[in-house]
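Below is one structure, written out as structure tokens; the observations come after it.
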Amino acid sequence: MIDAIKSSSRRLAVFVAVIVSGLAFCPTVGNAATVTVTVGNNCFCFQPASVTIHPGDTVRWTWSSTGHSSTSGSPGAPNGLWDSGILSQGAAFTHTFNTVGSFPYYCTPHGACCGMRGTVTVTNPTPTPTPSPMPGPPVVTTNPATFVASFSAKLNASLNPHGLATTFHFQYGTTTSYGLTTAPQTQSGNTVRTVSAGISSLTAHTTYHFRIVASNSAGTRMGADRTFTTLTATGPPVAITNPATNVTASSAKLNGSLDPHGLTTTVHFQYGTTISYGHNTTTQTQTGNTYRNIAANISGLAAHTTYHFRIVATNSAGTKMGGDRTLATP
């Protein structure tokens, strides 16, 4: 009786060891796939001879007949990546591939004599294309007005047509009832872009409300209300320094925006290697009540040097200077 119990215990221990070793032999790896190749299925061959997998996937060779191997490389030139050794019918061997490439292999006894060869090709998975967004009503945002003068301004907004042909305009007026509109414009596509419209014939020193309105076949959307206040009829000039252009090793074009603000205004640029400047461009004279571009070419600059510059404008109501900007000669 005791001998029978001991024998039974030994058989159970062997059974458990086999199960544990089998579990250790076949670990689970995330979402990786396992591809099976049959070895020697009534032929000197691997079936299928070529497989294509992705990094992280595993190939599992199963022996259908005795006396074959799966050995990486070419007959007579193993490369040491893997080698199952010569196994018998019913055996299995696995190898996980973590890098992209083409990996030839062969059977040691039959690769040279009988052409028993195979290839594992590892490629990156094709990314799933991002589906195009479904079309819908436009998406709009009213942005701050710019170039606000005594009788004119530039209205700005952001617009995404949302995949459909979209018309938009701005409403504006001295109350939230608006009453005035800009000419309609058309946009299409599925990206956000900046849109604008210039308005004129405004009243000086007055607060205006405005918003964007956009419509397509999926609906109409209106941006939030914003306000701006026009300048007085006359006053100090408004000067803005803009980025330099046409910069070379010895010259550049200085740029700015100017509203003379209803009075005769003289304007020039200061420039130099420090914020003390030290150099001035020729003075220009401007009149009116709208913004305009001002430019001046400078020369005699030193190569590989950073220069500071700003616009300076003066009329009978005062002098105003734009912010400091820099340019670097090549």
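We name chains A, B, ... following the order of the structure tokens; residues begin at 1 in each chain, and ligands are numbered from 1 as shown.
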**OP:** Do a neighbour search on segment 161-173 of chain A at 6 Å with only C-alpha atoms, toss out local chain neighbours closer than 4 positions, and write the hits as a PyMOL selection string.
**Re:** chain A and resi 135-136+138+178-182+184-190+208-216
Could you save those same residues with N, CA and C atoms as a PDB file, in the first residue's frame?
```pdb
ATOM      1  N   PRO A 135     -17.758  65.585 -41.743  1.00  0.00           N
ATOM      2  CA  PRO A 135     -18.110  66.995 -41.930  1.00  0.00           C
ATOM      3  C   PRO A 135     -19.202  67.409 -40.948  1.00  0.00           C
ATOM      4  N   GLY A 136     -19.259  68.687 -40.703  1.00  0.00           N
ATOM      5  CA  GLY A 136     -20.253  69.198 -39.764  1.00  0.00           C
ATOM      6  C   GLY A 136     -20.339  70.704 -39.841  1.00  0.00           C
ATOM      7  N   PRO A 138     -19.603  74.643 -39.219  1.00  0.00           N
ATOM      8  CA  PRO A 138     -18.312  75.307 -39.070  1.00  0.00           C
ATOM      9  C   PRO A 138     -17.989  75.565 -37.597  1.00  0.00           C
ATOM     10  N   TYR A 178     -25.862  94.745 -33.775  1.00  0.00           N
ATOM     11  CA  TYR A 178     -24.962  94.884 -34.914  1.00  0.00           C
ATOM     12  C   TYR A 178     -25.581  95.778 -35.986  1.00  0.00           C
ATOM     13  N   GLY A 179     -26.193  95.208 -37.013  1.00  0.00           N
ATOM     14  CA  GLY A 179     -26.821  96.027 -38.044  1.00  0.00           C
ATOM     15  C   GLY A 179     -26.001  96.171 -39.309  1.00  0.00           C
ATOM     16  N   LEU A 180     -24.702  95.952 -39.237  1.00  0.00           N
ATOM     17  CA  LEU A 180     -23.843  96.056 -40.409  1.00  0.00           C
ATOM     18  C   LEU A 180     -23.120  94.733 -40.611  1.00  0.00           C
ATOM     19  N   THR A 181     -22.842  94.398 -41.869  1.00  0.00           N
ATOM     20  CA  THR A 181     -22.140  93.148 -42.169  1.00  0.00           C
ATOM     21  C   THR A 181     -21.060  93.400 -43.219  1.00  0.00           C
ATOM     22  N   THR A 182     -20.015  92.585 -43.166  1.00  0.00           N
ATOM     23  CA  THR A 182     -18.980  92.634 -44.204  1.00  0.00           C
ATOM     24  C   THR A 182     -19.408  91.756 -45.377  1.00  0.00           C
ATOM     25  N   PRO A 184     -19.606  88.685 -47.843  1.00  0.00           N
ATOM     26  CA  PRO A 184     -19.384  87.253 -47.572  1.00  0.00           C
ATOM     27  C   PRO A 184     -18.131  86.744 -48.266  1.00  0.00           C
ATOM     28  N   GLN A 185     -17.451  85.805 -47.612  1.00  0.00           N
ATOM     29  CA  GLN A 185     -16.279  85.127 -48.167  1.00  0.00           C
ATOM     30  C   GLN A 185     -16.514  83.625 -48.053  1.00  0.00           C
ATOM     31  N   THR A 186     -15.812  82.848 -48.870  1.00  0.00           N
ATOM     32  CA  THR A 186     -16.004  81.395 -48.892  1.00  0.00           C
ATOM     33  C   THR A 186     -14.707  80.683 -48.556  1.00  0.00           C
ATOM     34  N   GLN A 187     -14.812  79.650 -47.725  1.00  0.00           N
ATOM     35  CA  GLN A 187     -13.671  78.818 -47.355  1.00  0.00           C
ATOM     36  C   GLN A 187     -14.097  77.357 -47.417  1.00  0.00           C
ATOM     37  N   SER A 188     -13.123  76.456 -47.597  1.00  0.00           N
ATOM     38  CA  SER A 188     -13.404  75.019 -47.574  1.00  0.00           C
ATOM     39  C   SER A 188     -12.239  74.312 -46.899  1.00  0.00           C
ATOM     40  N   GLY A 189     -12.415  73.030 -46.604  1.00  0.00           N
ATOM     41  CA  GLY A 189     -11.353  72.259 -45.979  1.00  0.00           C
ATOM     42  C   GLY A 189     -11.714  71.816 -44.580  1.00  0.00           C
ATOM     43  N   ASN A 190     -10.701  71.310 -43.868  1.00  0.00           N
ATOM     44  CA  ASN A 190     -10.939  70.744 -42.547  1.00  0.00           C
ATOM     45  C   ASN A 190      -9.901  71.202 -41.537  1.00  0.00           C
ATOM     46  N   TYR A 208     -17.453  99.721 -30.806  1.00  0.00           N
ATOM     47  CA  TYR A 208     -18.186  98.859 -31.731  1.00  0.00           C
ATOM     48  C   TYR A 208     -18.149  97.415 -31.229  1.00  0.00           C
ATOM     49  N   HIS A 209     -19.256  96.711 -31.468  1.00  0.00           N
ATOM     50  CA  HIS A 209     -19.351  95.268 -31.228  1.00  0.00           C
ATOM     51  C   HIS A 209     -19.179  94.541 -32.563  1.00  0.00           C
ATOM     52  N   PHE A 210     -18.639  93.320 -32.518  1.00  0.00           N
ATOM     53  CA  PHE A 210     -18.538  92.537 -33.748  1.00  0.00           C
ATOM     54  C   PHE A 210     -18.438  91.059 -33.409  1.00  0.00           C
ATOM     55  N   ARG A 211     -18.735  90.218 -34.403  1.00  0.00           N
ATOM     56  CA  ARG A 211     -18.591  88.764 -34.276  1.00  0.00           C
ATOM     57  C   ARG A 211     -18.563  88.144 -35.659  1.00  0.00           C
ATOM     58  N   ILE A 212     -18.023  86.940 -35.759  1.00  0.00           N
ATOM     59  CA  ILE A 212     -18.023  86.198 -37.020  1.00  0.00           C
ATOM     60  C   ILE A 212     -19.274  85.332 -37.080  1.00  0.00           C
ATOM     61  N   VAL A 213     -19.807  85.165 -38.301  1.00  0.00           N
ATOM     62  CA  VAL A 213     -20.947  84.284 -38.556  1.00  0.00           C
ATOM     63  C   VAL A 213     -20.577  83.411 -39.749  1.00  0.00           C
ATOM     64  N   ALA A 214     -20.663  82.092 -39.588  1.00  0.00           N
ATOM     65  CA  ALA A 214     -20.290  81.171 -40.664  1.00  0.00           C
ATOM     66  C   ALA A 214     -21.385  80.143 -40.865  1.00  0.00           C
ATOM     67  N   SER A 215     -21.629  79.782 -42.127  1.00  0.00           N
ATOM     68  CA  SER A 215     -22.698  78.830 -42.453  1.00  0.00           C
ATOM     69  C   SER A 215     -22.228  77.835 -43.496  1.00  0.00           C
ATOM     70  N   ASN A 216     -22.612  76.570 -43.315  1.00  0.00           N
ATOM     71  CA  ASN A 216     -22.492  75.564 -44.371  1.00  0.00           C
ATOM     72  C   ASN A 216     -23.734  74.690 -44.346  1.00  0.00           C
TER      73      ASN A 216
END
```
**OP:** Just the residues within 6 Å of Ser64 of chain A, please, counting only C-alpha atoms, with nothing from its chain fewer than 4 positions along; format it as a ChimeraX atom specification.
**Re:** /A:39-41,89
**OP:** Enumerate as an NGL selection string all residues of segment 93-237 of chain A assigned to alpha helix (DSSP H) by DSSP on the backbone, naming them with the chain letters and numbers the document uses.
**Re:** :A and (111-114)
Subject >> Who sits within 6 Å of segment 290-302 of chain A, only C-alpha atoms, same chain under 3 positions skipped, as number ranges by chain >> reply: A: 250-259, 305
**OP:** Calculate how many Å separate atom CA of Gly318 of chain A from atom CA of Val238 of chain A, rounding to one decimal.
**Re:** 10.2 Å
Original post:
Expressed in Å to a single decimal, how great is the separation between atom CA of Leu155 of chain A and atom CA of Lys320 of chain A?
Top reply: 24.2 Å
